[in-house]
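Printed here is work.txt (compact mmCIF, C-alpha atoms and all ligand atoms):
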# COMPACT_ATOMS: atom_id res chain seq x y z
CA MET A 1 85.37 135.77 128.99
CA ASP A 2 82.78 138.13 130.50
CA THR A 3 79.37 137.13 129.16
CA HIS A 4 77.33 139.71 131.05
CA PRO A 5 75.47 142.23 128.91
CA SER A 6 76.50 145.82 129.47
CA PHE A 7 75.47 149.42 129.01
CA LEU A 8 77.24 152.77 129.31
CA ILE A 9 77.17 155.34 132.10
CA ASP A 10 78.98 158.52 131.08
CA GLY A 11 80.89 156.41 128.55
CA ARG A 12 81.98 153.80 131.09
CA GLU A 13 80.93 150.22 130.40
CA VAL A 14 78.85 148.72 133.21
CA ALA A 15 77.93 145.02 133.25
CA PHE A 16 74.53 144.00 134.55
CA GLN A 17 72.45 140.95 135.30
CA ALA A 18 68.99 140.44 133.87
CA GLY A 19 66.41 142.28 135.94
CA GLN A 20 68.85 144.76 137.46
CA THR A 21 68.06 148.44 137.30
CA VAL A 22 70.58 151.03 136.15
CA LEU A 23 71.05 152.06 139.79
CA GLN A 24 71.63 148.50 141.01
CA ALA A 25 74.16 147.82 138.24
CA ALA A 26 75.91 151.14 138.83
CA LEU A 27 76.20 150.56 142.58
CA ALA A 28 77.45 147.01 141.99
CA ALA A 29 80.12 148.49 139.69
CA GLY A 30 81.19 150.96 142.38
CA LEU A 31 79.62 154.02 140.76
CA ASN A 32 78.05 156.35 143.25
CA ILE A 33 74.68 157.51 141.95
CA PRO A 34 73.16 159.33 144.94
CA HIS A 35 69.81 157.97 146.05
CA LEU A 36 67.43 158.33 148.99
CA CYS A 37 64.31 156.23 148.45
CA PHE A 38 66.01 153.14 147.01
CA ASN A 39 66.73 150.31 149.41
CA PRO A 40 67.87 146.90 148.15
CA GLU A 41 65.51 145.16 150.60
CA LEU A 42 62.46 146.79 148.99
CA GLU A 43 60.87 147.30 145.59
CA PRO A 44 61.98 150.55 143.89
CA ILE A 45 59.75 153.44 144.93
CA GLY A 46 60.98 156.21 142.63
CA SER A 47 59.83 159.05 144.85
CA CYS A 48 62.90 161.14 145.68
CA ARG A 49 64.24 161.72 142.13
CA LEU A 50 67.78 162.15 143.43
CA CYS A 51 69.00 159.29 141.24
CA LEU A 52 68.07 161.15 138.05
CA VAL A 53 69.91 160.17 134.88
CA GLU A 54 69.40 161.07 131.25
CA VAL A 55 68.78 158.69 128.36
CA ALA A 56 68.40 160.15 124.87
CA GLY A 57 67.42 163.51 126.36
CA CYS A 58 64.82 162.07 128.77
CA LYS A 59 65.28 162.42 132.51
CA LEU A 60 64.56 159.17 134.31
CA SER A 61 65.05 157.66 137.75
CA ALA A 62 67.96 155.21 137.69
CA CYS A 63 66.30 153.16 140.44
CA THR A 64 63.28 152.33 138.28
CA LEU A 65 65.02 152.13 134.89
CA LEU A 66 65.81 148.58 133.85
CA ALA A 67 69.32 148.10 132.51
CA GLU A 68 69.41 147.13 128.83
CA GLU A 69 72.17 146.09 126.51
CA GLY A 70 73.56 149.11 124.68
CA LEU A 71 71.75 151.74 126.79
CA ALA A 72 73.72 155.02 126.92
CA VAL A 73 73.09 156.73 130.26
CA GLN A 74 74.30 160.18 131.26
CA HIS A 75 74.72 160.90 134.93
CA ASP A 76 77.48 163.45 135.43
CA THR A 77 76.35 166.38 133.28
CA PRO A 78 76.14 170.08 134.25
CA ARG A 79 72.34 170.05 133.91
CA LEU A 80 71.89 166.95 136.11
CA ARG A 81 74.36 168.28 138.66
CA GLN A 82 72.32 171.48 138.80
CA LEU A 83 69.06 169.53 139.22
CA ARG A 84 70.51 167.34 141.97
CA MET A 85 71.79 170.39 143.81
CA ALA A 86 68.37 172.09 143.51
CA LEU A 87 66.63 168.98 144.80
CA LEU A 88 69.02 168.56 147.72
CA THR A 89 68.73 172.22 148.66
CA PHE A 90 64.94 171.92 148.54
CA LEU A 91 64.95 168.82 150.78
CA LEU A 92 67.30 170.45 153.26
CA GLU A 93 65.01 173.47 153.41
CA GLN A 94 61.86 171.39 153.91
CA GLY A 95 62.95 169.88 157.22
CA LYS A 96 64.86 170.52 160.41
CA HIS A 97 68.05 168.82 159.38
CA THR A 98 70.20 170.07 162.20
CA CYS A 99 72.42 167.01 162.04
CA ILE A 100 74.38 167.73 165.16
CA ARG A 101 71.22 167.10 167.19
CA CYS A 102 70.16 164.01 165.29
CA GLU A 103 70.55 160.43 166.49
CA ARG A 104 71.22 159.36 162.91
CA THR A 105 74.08 161.71 162.21
CA GLY A 106 76.80 159.75 160.47
CA ASP A 107 74.19 157.23 159.25
CA CYS A 108 71.91 159.37 157.10
CA ARG A 109 71.55 159.30 153.32
CA LEU A 110 70.53 162.95 153.11
CA GLN A 111 73.56 163.97 155.15
CA ASP A 112 75.81 161.81 152.94
CA ALA A 113 74.42 163.41 149.77
CA ALA A 114 74.61 166.93 151.22
CA ILE A 115 78.26 166.40 152.08
CA ALA A 116 79.05 164.80 148.71
CA PHE A 117 77.51 167.72 146.80
CA ASP A 118 78.35 170.42 149.32
CA ALA A 119 74.66 171.33 149.51
CA GLN A 120 73.36 173.75 152.15
CA PRO A 121 69.86 175.09 152.76
CA GLU A 122 69.53 178.64 151.50
CA ALA A 123 66.32 179.62 153.32
CA SER A 124 66.06 180.17 157.07
CA LEU A 125 64.15 177.58 159.11
CA THR A 126 62.81 180.06 161.62
CA SER A 127 59.55 180.91 159.82
CA GLN A 128 58.66 177.35 158.84
CA VAL A 129 55.77 175.43 160.34
CA PHE A 130 56.38 171.70 160.51
CA PRO A 131 53.85 168.91 161.05
CA PRO A 132 53.78 167.61 164.64
CA ASN A 133 56.34 165.12 165.83
CA ASP A 134 55.19 162.02 167.69
CA ASP A 135 57.12 161.26 170.85
CA SER A 136 54.34 159.23 172.46
CA HIS A 137 55.92 155.78 172.14
CA PRO A 138 58.42 154.48 174.71
CA GLU A 139 60.80 153.06 172.08
CA VAL A 140 60.29 154.93 168.80
CA SER A 141 60.05 158.58 167.77
CA LEU A 142 58.52 159.96 164.60
CA ASN A 143 60.23 163.25 163.79
CA ARG A 144 58.03 164.55 161.00
CA ASP A 145 60.18 167.66 160.77
CA ARG A 146 62.94 165.45 159.35
CA CYS A 147 60.75 163.24 157.13
CA ILE A 148 61.58 163.45 153.43
CA LEU A 149 58.38 161.60 152.43
CA CYS A 150 60.32 158.87 150.69
CA GLY A 151 57.79 156.11 151.44
CA ILE A 152 60.35 153.53 152.58
CA CYS A 153 58.69 153.00 155.98
CA ILE A 154 55.29 152.50 154.33
CA GLN A 155 56.57 149.66 152.18
CA ALA A 156 58.86 148.23 154.88
CA SER A 157 56.06 148.13 157.45
CA ARG A 158 53.74 146.41 155.01
CA LYS A 159 56.12 143.99 153.30
CA LEU A 160 58.82 143.26 155.88
CA ASP A 161 57.06 143.83 159.21
CA GLY A 162 53.58 142.70 158.10
CA LYS A 163 52.00 145.63 159.96
CA ASN A 164 50.95 148.35 157.51
CA LEU A 165 51.50 151.10 160.10
CA PHE A 166 52.11 154.12 157.86
CA THR A 167 50.51 156.04 155.04
CA PHE A 168 50.65 159.50 153.49
CA ALA A 169 47.80 161.96 154.02
CA GLY A 170 47.17 165.43 152.64
CA LYS A 171 47.83 167.15 149.34
CA GLY A 172 50.56 169.18 147.72
CA GLY A 173 52.83 170.83 150.27
CA ASP A 174 50.67 169.54 153.15
CA VAL A 175 51.42 165.86 152.62
CA MET A 176 52.63 164.16 155.78
CA LEU A 177 53.29 160.70 157.08
CA THR A 178 50.48 159.41 159.28
CA VAL A 179 50.32 156.47 161.70
CA GLU A 180 47.64 153.81 161.36
CA SER A 181 46.43 153.52 164.96
CA PRO A 182 43.16 154.41 166.73
CA SER A 183 44.58 157.72 167.98
CA GLY A 184 46.97 158.30 165.08
CA LEU A 185 49.82 158.13 167.60
CA LEU A 186 52.68 155.67 167.73
CA LYS A 187 51.84 154.71 171.33
CA ASP A 188 48.60 153.10 170.16
CA SER A 189 50.21 151.26 167.26
CA THR A 190 52.02 147.92 167.22
CA ILE A 191 55.36 149.45 166.26
CA SER A 192 58.54 148.15 167.87
CA ALA A 193 62.06 149.56 167.87
CA ASP A 194 63.17 146.44 165.99
CA ASP A 195 60.79 147.03 163.06
CA HIS A 196 62.37 147.18 159.62
CA ALA A 197 60.40 150.38 159.03
CA VAL A 198 62.44 152.07 161.76
CA ARG A 199 65.73 150.53 160.67
CA LEU A 200 65.35 151.44 157.00
CA CYS A 201 64.30 155.09 157.36
CA PRO A 202 67.12 156.77 155.42
CA VAL A 203 67.17 159.89 157.61
CA GLY A 204 66.46 160.66 161.26
CA ALA A 205 62.68 160.73 160.91
CA LEU A 206 61.86 157.36 162.43
CA THR A 207 64.32 156.73 165.21
CA ARG A 208 64.82 154.40 168.12
CA LYS A 209 64.82 156.01 171.51
CA HIS A 210 67.67 154.97 173.77
CA HIS A 211 69.84 155.02 170.67
CA PRO A 212 73.51 154.74 171.67
CA VAL A 213 74.26 157.74 169.46
CA GLN A 214 72.93 160.94 170.97
CA ALA A 215 74.38 164.18 169.72
CA SER A 216 72.87 167.47 170.74
CA PHE A 217 74.01 171.05 170.97
CA SER A 218 71.60 173.43 172.63
CA SER A 219 73.42 176.43 171.13
CA PHE A 220 73.32 175.11 167.56
CA ASP A 221 70.45 176.32 165.43
CA GLY A 222 71.68 176.23 161.88
CA PHE A 223 73.01 173.96 159.23
CA GLU A 224 75.82 176.28 158.20
CA GLY A 225 79.12 175.53 159.84
CA MET A 226 78.02 172.16 161.14
CA ASP A 227 80.80 169.86 162.25
CA TRP A 228 79.97 166.96 159.98
CA GLY A 229 82.86 164.95 161.26
CA MET A 230 81.90 165.13 164.92
CA PRO A 231 82.43 161.80 166.71
CA THR A 232 79.03 160.16 167.12
CA GLU A 233 79.56 159.30 170.80
CA PHE A 234 79.80 163.00 171.62
CA SER A 235 76.96 164.07 173.88
CA VAL A 236 76.13 167.17 175.90
S1 LIG A 301 59.66 158.43 158.18
FE1 LIG A 301 61.62 157.98 157.13
S2 LIG A 301 61.17 156.22 155.82
FE2 LIG A 301 59.20 157.11 156.41
S3 LIG A 301 58.66 158.51 154.72
FE3 LIG A 301 59.71 159.72 156.32
S4 LIG A 301 61.88 159.71 155.72
FE4 LIG A 301 60.89 158.08 154.55
S1 LIG A 302 66.44 156.61 144.60
FE1 LIG A 302 65.59 156.77 142.65
S2 LIG A 302 63.91 158.12 142.84
FE2 LIG A 302 64.71 157.88 144.87

Once you've parsed the file, please lay out its structure as structure tokens.
Ligand code: SF4
Ligand code: FES
Amino acid sequence: MDTHPSFLIDGREVAFQAGQTVLQAALAAGLNIPHLCFNPELEPIGSCRLCLVEVAGCKLSACTLLAEEGLAVQHDTPRLRQLRMALLTFLLEQGKHTCIRCERTGDCRLQDAAIAFDAQPEASLTSQVFPPNDDSHPEVSLNRDRCILCGICIQASRKLDGKNLFTFAGKGGDVMLTVESPSGLLKDSTISADDHAVRLCPVGALTRKHHPVQASFSSFDGFEGMDWGMPTEFSV
């Protein structure tokens, strides 16, 4: 007999273990609640809001909500679908997510979610000003124009790498990820390509150089019409 307590997601019974969040229990049960800033190797951050669910009319992040016996969680509702789509569209418009040029194509949470929800940026990228990228390090690149400000690298650097190499600076729409080094550049930091901070970045913002996957298309400038299924070894 199953002795695990359970709760409901969209009417489906989901068993959980004490201490699990709604997102952890849902993922363990094979339910796909999209998420960007949750990583099982880290404490929940709750920054991206993509994992939004509703409980008794309140919108909450599934990654920070502890599962409780009898909880009735809504995930697949028209309103939440609309909010997720708006959030994804916003994120896609805030960065240069030209996946066909990105080393992480095929291994990117934002790309996965965009495909799953058929989300596309609506605004043109041409007039946008992005914070500077950092290509100063021989092994690692920081592509701030792809950073979704999730905070994973901050926690991973501190807790898993023991280095504390990243922080956020700025306010409002000017927030950006900064590097803790004398010059503020990666080349003067202790980062290595093997750092967990690099490995766990959910998009192509912190990437290893000399990555075996290099896809680039000099003629490709937009998101629309991207060949999502392009083989990752393709290179021009
Ligand atoms: S560099 Fe990656 S892990 Fe760090 S905040 Fe940006 S998207 Fe998140
Ligand atoms: S995964 Fe829950 S807020 Fe980001």

(message) Can you work out which residues are within 9 Å of ligand LIG 302 (chain A), considering all atoms listed in the file, and then hand them over as number ranges by chain?
(response) A: 23, 33-39, 44-52, 60-64, 150

(request) Could the residues that lie within 6 Å of ligand LIG 301 (chain A), counting all atoms listed in the file, be listed as a ChimeraX atom specification? (result) /A:147-153,201-203,205-206

(request) For the point (73.5, 169.2, 142.9) in the file's frame, write as a PyMOL selection string all residues with an atom no more than 9 Å away, counting all atoms listed in the file. (result) chain A and resi 80-89+114+117-119

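Minimum atom-to-atom distances from A:Ser141, A:Ala56, A:Thr77, A:Leu65 to His210 of chain A were compared using all atoms listed in the file, and the lowest value belongs to A:Ser141.
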
(request) Point out the residue among A:Asn133, A:Ser6, A:Gln120, A:Thr178 with the least atom-to-atom distance to Leu71 of chain A, counting all atoms listed in the file. (result) A:Ser6

(request) Excluding Ala156 of chain A and residues on its chain fewer than 5 positions from it, collect all residues at most 7 Å away from it, counting only C-alpha atoms, and give them as an NGL selection string. (result) :A and (161 or 196-197)

I'd like the box whose edges run along x, y and z of the file and which contains every listed atom of segment 195-206 of chain A, padded by 3 Å per side; could you state its centre and edge lengths in Å, one decimal, as lines of an AutoDock Vina configuration file?
center_x = 63.8
center_y = 153.9
center_z = 159.2
size_x = 12.8
size_y = 19.7
size_z = 13.6

(request) Quick one: everything within 6 Å of segment 7-21 of chain A, counting all atoms listed in the file, minus sequence neighbours fewer than 2 positions away in the same chain. Send it as a PyMOL selection string. (result) chain A and resi 4-5+23-25+63+65-67+69-74

Using all atoms listed in the file, find all polymer residues with an atom at most 12 Å away from the point (56.4, 156.8, 170.7); report them as a PDB file with C-alpha atoms, keeping the file's coordinate frame.
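selection-v2.pdb, freshly written:
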ATOM      1  CA  ASN A 133      56.340 165.120 165.830  1.00  0.00           C
ATOM      2  CA  ASP A 134      55.190 162.020 167.690  1.00  0.00           C
ATOM      3  CA  ASP A 135      57.120 161.260 170.850  1.00  0.00           C
ATOM      4  CA  SER A 136      54.340 159.230 172.460  1.00  0.00           C
ATOM      5  CA  HIS A 137      55.920 155.780 172.140  1.00  0.00           C
ATOM      6  CA  PRO A 138      58.420 154.480 174.710  1.00  0.00           C
ATOM      7  CA  GLU A 139      60.800 153.060 172.080  1.00  0.00           C
ATOM      8  CA  VAL A 140      60.290 154.930 168.800  1.00  0.00           C
ATOM      9  CA  SER A 141      60.050 158.580 167.770  1.00  0.00           C
ATOM     10  CA  LEU A 142      58.520 159.960 164.600  1.00  0.00           C
ATOM     11  CA  ASN A 143      60.230 163.250 163.790  1.00  0.00           C
ATOM     12  CA  VAL A 179      50.320 156.470 161.700  1.00  0.00           C
ATOM     13  CA  SER A 181      46.430 153.520 164.960  1.00  0.00           C
ATOM     14  CA  GLY A 184      46.970 158.300 165.080  1.00  0.00           C
ATOM     15  CA  LEU A 185      49.820 158.130 167.600  1.00  0.00           C
ATOM     16  CA  LEU A 186      52.680 155.670 167.730  1.00  0.00           C
ATOM     17  CA  LYS A 187      51.840 154.710 171.330  1.00  0.00           C
ATOM     18  CA  ASP A 188      48.600 153.100 170.160  1.00  0.00           C
ATOM     19  CA  SER A 189      50.210 151.260 167.260  1.00  0.00           C
ATOM     20  CA  THR A 190      52.020 147.920 167.220  1.00  0.00           C
ATOM     21  CA  ILE A 191      55.360 149.450 166.260  1.00  0.00           C
ATOM     22  CA  SER A 192      58.540 148.150 167.870  1.00  0.00           C
ATOM     23  CA  ALA A 193      62.060 149.560 167.870  1.00  0.00           C
ATOM     24  CA  VAL A 198      62.440 152.070 161.760  1.00  0.00           C
ATOM     25  CA  LEU A 206      61.860 157.360 162.430  1.00  0.00           C
ATOM     26  CA  THR A 207      64.320 156.730 165.210  1.00  0.00           C
ATOM     27  CA  ARG A 208      64.820 154.400 168.120  1.00  0.00           C
ATOM     28  CA  LYS A 209      64.820 156.010 171.510  1.00  0.00           C
ATOM     29  CA  HIS A 210      67.670 154.970 173.770  1.00  0.00           C
TER      30      HIS A 210
END

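Atom pair atom CA of Arg109 of chain A / atom CA of Phe90 of chain A: separated by 15.0 Å.
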
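Atom to atom, atom CA of Leu110 of chain A and atom CA of Ala26 of chain A stand 19.3 Å apart.
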
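Nearest to Leu200 of chain A of all the residues A:Leu42, A:Ile115, A:Cys99, A:Leu177 is A:Leu42, counting all atoms listed in the file.
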
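Atom CA of Gln94 of chain A sits 25.5 Å away from atom CA of Glu43 of chain A.
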